[in-house]
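**Student:** My file is my_file.tsv. It has TSV, C-alpha atoms:
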```tsv
chain	number	residue	atom	x	y	z
A	1	MET	CA	38.25	-64.70	-5.87
A	2	ASP	CA	36.02	-62.33	-3.93
A	3	PHE	CA	32.43	-61.72	-4.88
A	4	TYR	CA	31.59	-58.50	-6.66
A	5	PRO	CA	28.16	-57.01	-7.23
A	6	ILE	CA	26.59	-58.61	-10.31
A	7	GLY	CA	25.19	-55.19	-11.20
A	8	LEU	CA	28.70	-54.22	-12.28
A	9	GLU	CA	28.27	-56.66	-15.17
A	10	SER	CA	25.49	-54.43	-16.48
A	11	VAL	CA	27.87	-51.49	-16.56
A	12	VAL	CA	30.47	-53.51	-18.46
A	13	PHE	CA	27.90	-54.87	-20.93
A	14	LEU	CA	26.33	-51.49	-21.60
A	15	THR	CA	29.76	-49.90	-22.03
A	16	ALA	CA	30.77	-52.61	-24.51
A	17	LYS	CA	27.50	-52.13	-26.37
A	18	GLN	CA	28.11	-48.39	-26.64
A	19	LEU	CA	31.85	-48.46	-27.39
A	20	PHE	CA	32.02	-51.47	-29.68
A	21	ASN	CA	28.49	-51.41	-31.10
A	22	PHE	CA	27.81	-54.91	-29.71
A	23	LYS	CA	24.62	-56.62	-30.85
A	24	ASP	CA	22.55	-59.25	-29.01
A	25	GLU	CA	24.47	-62.02	-30.79
A	26	ASP	CA	27.73	-60.66	-29.37
A	27	PHE	CA	26.41	-61.03	-25.84
A	28	VAL	CA	25.24	-64.60	-26.58
A	29	GLU	CA	28.77	-65.38	-27.82
A	30	LEU	CA	30.28	-63.70	-24.76
A	31	GLY	CA	28.10	-65.90	-22.53
A	32	GLU	CA	29.28	-69.03	-24.35
A	33	ARG	CA	32.89	-68.00	-23.87
A	34	GLU	CA	32.30	-67.34	-20.16
A	35	ALA	CA	31.12	-70.94	-19.76
A	36	LYS	CA	34.43	-72.39	-20.91
A	37	LEU	CA	36.41	-73.86	-18.07
A	38	PRO	CA	40.14	-74.62	-18.00
A	39	SER	CA	40.99	-77.17	-20.69
A	40	ILE	CA	41.58	-80.11	-18.32
A	41	VAL	CA	38.16	-79.60	-16.68
A	42	ARG	CA	36.50	-79.20	-20.09
A	43	LEU	CA	38.16	-82.40	-21.30
A	44	PHE	CA	36.98	-84.25	-18.18
A	45	MET	CA	33.43	-82.94	-18.66
A	46	GLN	CA	33.39	-83.92	-22.32
A	47	TYR	CA	34.27	-87.56	-21.58
A	48	PHE	CA	32.77	-88.12	-18.14
A	49	GLY	CA	30.07	-85.46	-17.78
A	50	SER	CA	26.53	-85.57	-19.05
A	51	VAL	CA	23.56	-83.28	-19.45
A	52	ALA	CA	21.84	-85.30	-16.71
A	53	MET	CA	24.70	-84.50	-14.35
A	54	LEU	CA	24.44	-80.80	-15.26
A	55	SER	CA	20.70	-80.83	-14.57
A	56	ARG	CA	21.31	-82.29	-11.10
A	57	GLU	CA	24.25	-80.05	-10.23
A	58	GLY	CA	23.12	-76.81	-11.89
A	59	PRO	CA	21.11	-75.38	-8.98
A	60	ARG	CA	23.90	-76.17	-6.52
A	61	MET	CA	26.52	-74.60	-8.78
A	62	TRP	CA	24.41	-71.45	-9.12
A	63	ARG	CA	24.32	-71.06	-5.33
A	64	LYS	CA	28.08	-71.57	-5.22
A	65	TYR	CA	28.85	-68.74	-7.66
A	66	TYR	CA	25.95	-66.31	-7.18
A	67	THR	CA	24.64	-64.71	-4.01
A	68	VAL	CA	21.42	-63.59	-5.72
A	69	GLY	CA	18.74	-65.40	-7.64
A	70	SER	CA	18.15	-69.09	-8.11
A	71	LEU	CA	18.31	-71.62	-10.92
A	72	GLU	CA	15.85	-74.50	-11.30
A	73	ILE	CA	15.61	-77.23	-13.90
A	74	THR	CA	11.84	-77.45	-14.34
A	75	SER	CA	11.85	-80.02	-17.13
A	76	PHE	CA	14.50	-82.38	-18.44
A	77	ASP	CA	14.32	-85.20	-20.97
A	78	GLU	CA	17.59	-86.74	-22.11
A	79	LYS	CA	15.84	-88.94	-24.70
A	80	LYS	CA	14.06	-85.98	-26.32
A	81	ASN	CA	17.18	-83.80	-25.90
A	82	TYR	CA	15.79	-80.80	-24.08
A	83	ALA	CA	15.78	-79.04	-20.75
A	84	VAL	CA	13.89	-76.06	-19.36
A	85	VAL	CA	15.89	-73.81	-17.05
A	86	ARG	CA	14.18	-71.24	-14.83
A	87	ILE	CA	16.11	-68.35	-13.30
A	88	LYS	CA	14.43	-66.30	-10.60
A	89	GLY	CA	15.54	-63.23	-8.69
A	90	ILE	CA	17.80	-61.67	-11.35
A	91	ASN	CA	16.50	-58.31	-12.51
A	92	LEU	CA	19.46	-56.37	-13.89
A	93	HIS	CA	19.09	-55.31	-17.52
A	94	PRO	CA	17.63	-57.01	-20.63
A	95	ILE	CA	21.16	-57.43	-22.03
A	96	HIS	CA	21.74	-60.14	-19.41
A	97	CYS	CA	19.10	-62.33	-21.07
A	98	GLN	CA	21.34	-62.72	-24.11
A	99	ASN	CA	24.38	-63.41	-21.96
A	100	LEU	CA	22.52	-66.04	-19.91
A	101	LYS	CA	21.32	-67.69	-23.12
A	102	GLY	CA	24.89	-68.01	-24.35
A	103	TYR	CA	26.16	-69.18	-20.98
A	104	LEU	CA	23.59	-71.98	-20.79
A	105	MET	CA	24.41	-73.11	-24.34
A	106	GLY	CA	28.12	-73.07	-23.51
A	107	ILE	CA	27.60	-75.28	-20.46
A	108	VAL	CA	25.68	-77.88	-22.50
A	109	LYS	CA	28.31	-77.78	-25.24
A	110	MET	CA	30.95	-78.45	-22.60
A	111	VAL	CA	29.65	-82.00	-22.15
A	112	GLY	CA	30.12	-82.72	-25.83
A	113	LYS	CA	26.72	-81.79	-27.22
A	114	ARG	CA	26.75	-80.04	-30.57
A	115	ASN	CA	24.08	-77.96	-32.27
A	116	VAL	CA	22.76	-76.58	-29.00
A	117	THR	CA	19.99	-74.00	-29.23
A	118	CYS	CA	18.50	-71.86	-26.51
A	119	GLU	CA	15.33	-69.81	-26.57
A	120	GLU	CA	14.13	-67.55	-23.79
A	121	VAL	CA	10.46	-68.47	-23.51
A	122	LYS	CA	9.68	-66.33	-20.47
A	123	CYS	CA	11.32	-63.07	-19.44
A	124	ILE	CA	10.73	-60.61	-16.64
A	125	TYR	CA	11.24	-57.79	-19.15
A	126	ARG	CA	8.21	-59.06	-21.10
A	127	GLY	CA	6.04	-59.18	-17.97
A	128	ASP	CA	6.73	-62.73	-16.75
A	129	GLU	CA	7.66	-63.54	-13.14
A	130	TYR	CA	11.03	-65.09	-14.06
A	131	HIS	CA	13.39	-65.98	-16.91
A	132	GLU	CA	12.84	-69.37	-18.51
A	133	PHE	CA	15.06	-70.90	-21.20
A	134	LEU	CA	14.37	-73.88	-23.46
A	135	LEU	CA	17.61	-75.68	-24.32
A	136	LYS	CA	17.72	-78.26	-27.12
A	137	TRP	CA	20.61	-80.37	-28.30
```
Here is a file; write its structure as structure tokens.

**Tutor:**
Amino acid sequence: MDFYPIGLESVVFLTAKQLFNFKDEDFVELGEREAKLPSIVRLFMQYFGSVAMLSREGPRMWRKYYTVGSLEITSFDEKKNYAVVRIKGINLHPIHCQNLKGYLMGIVKMVGKRNVTCEEVKCIYRGDEYHEFLLKW
């Protein structure tokens, strides 16, 4: 699949918001659905993957699928069941914050974690230098 400008996602999201009266929760759910991989990969991840593996591989996977921005895991504690994910260099539209939140939750759920929550604790649209998400499971 060829790369396409990520800015086109903003057009799609804003169109969906206007046409279908989407709310923030709808974009979180959309992000979770985007994270779902083919069933065989999901099954493999559920039984052989871990949140620790995701924290190691996340930055590399970001570079594989995105030509802009970067993803860092700034804090991770598997015993206390949390991770802090920082995303820099993405400045599209505030609607993407909700989608990223859902996407990150979907990825953690893929390795068999239930009751995953995600809170955006820093946001460039609130004056911060980057997006930062606190994931708990």

**Student:** Around range 108-122 of chain A, with edges along x, y and z and 5 Å added on all six sides, what centre and edge lengths do you get, in Å to one decimal, as lines of an AutoDock Vina configuration file?

**Tutor:**
```
center_x = 20.3
center_y = -74.5
center_z = -26.4
size_x = 31.3
size_y = 26.4
size_z = 21.8
```

**Student:** Using only C-alpha atoms, pick whichever of A:Lys79, A:Gly89, A:Ser55, A:Glu32 has the shortest atom-to-atom distance to Val116 in chain A.

**Tutor:**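 Looking at the shortest contact to Val116 in chain A, the residue is A:Glu32.
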
**Student:** Would you mind telling me which residue in A:Gly102, A:Pro59, A:Pro5, A:Gly49 lies nearest to Leu30 in chain A when using only C-alpha atoms?

**Tutor:** A:Gly102

**Student:** Smallest atom-to-atom distance to Leu92 in chain A: which of A:Ala35, A:Cys118, A:Ile124, A:Val111, using all atoms listed in the file?

**Tutor:**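 Smallest distance to Leu92 in chain A is found for A:Ile124.
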
**Student:** Taking into account only C-alpha atoms, which residue in the set A:Trp137, A:Asn21, A:Val28, A:Glu57 is nearest to Gly112 in chain A?

**Tutor:**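 Selected residue with least distance to Gly112 in chain A: A:Trp137.
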
**Student:** In Å, with one decimal, what is the gap from CA of Lys113 in chain A to CA of Asn81 in chain A?

**Tutor:**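 Separation of CA of Lys113 in chain A and CA of Asn81 in chain A: 9.8 Å.
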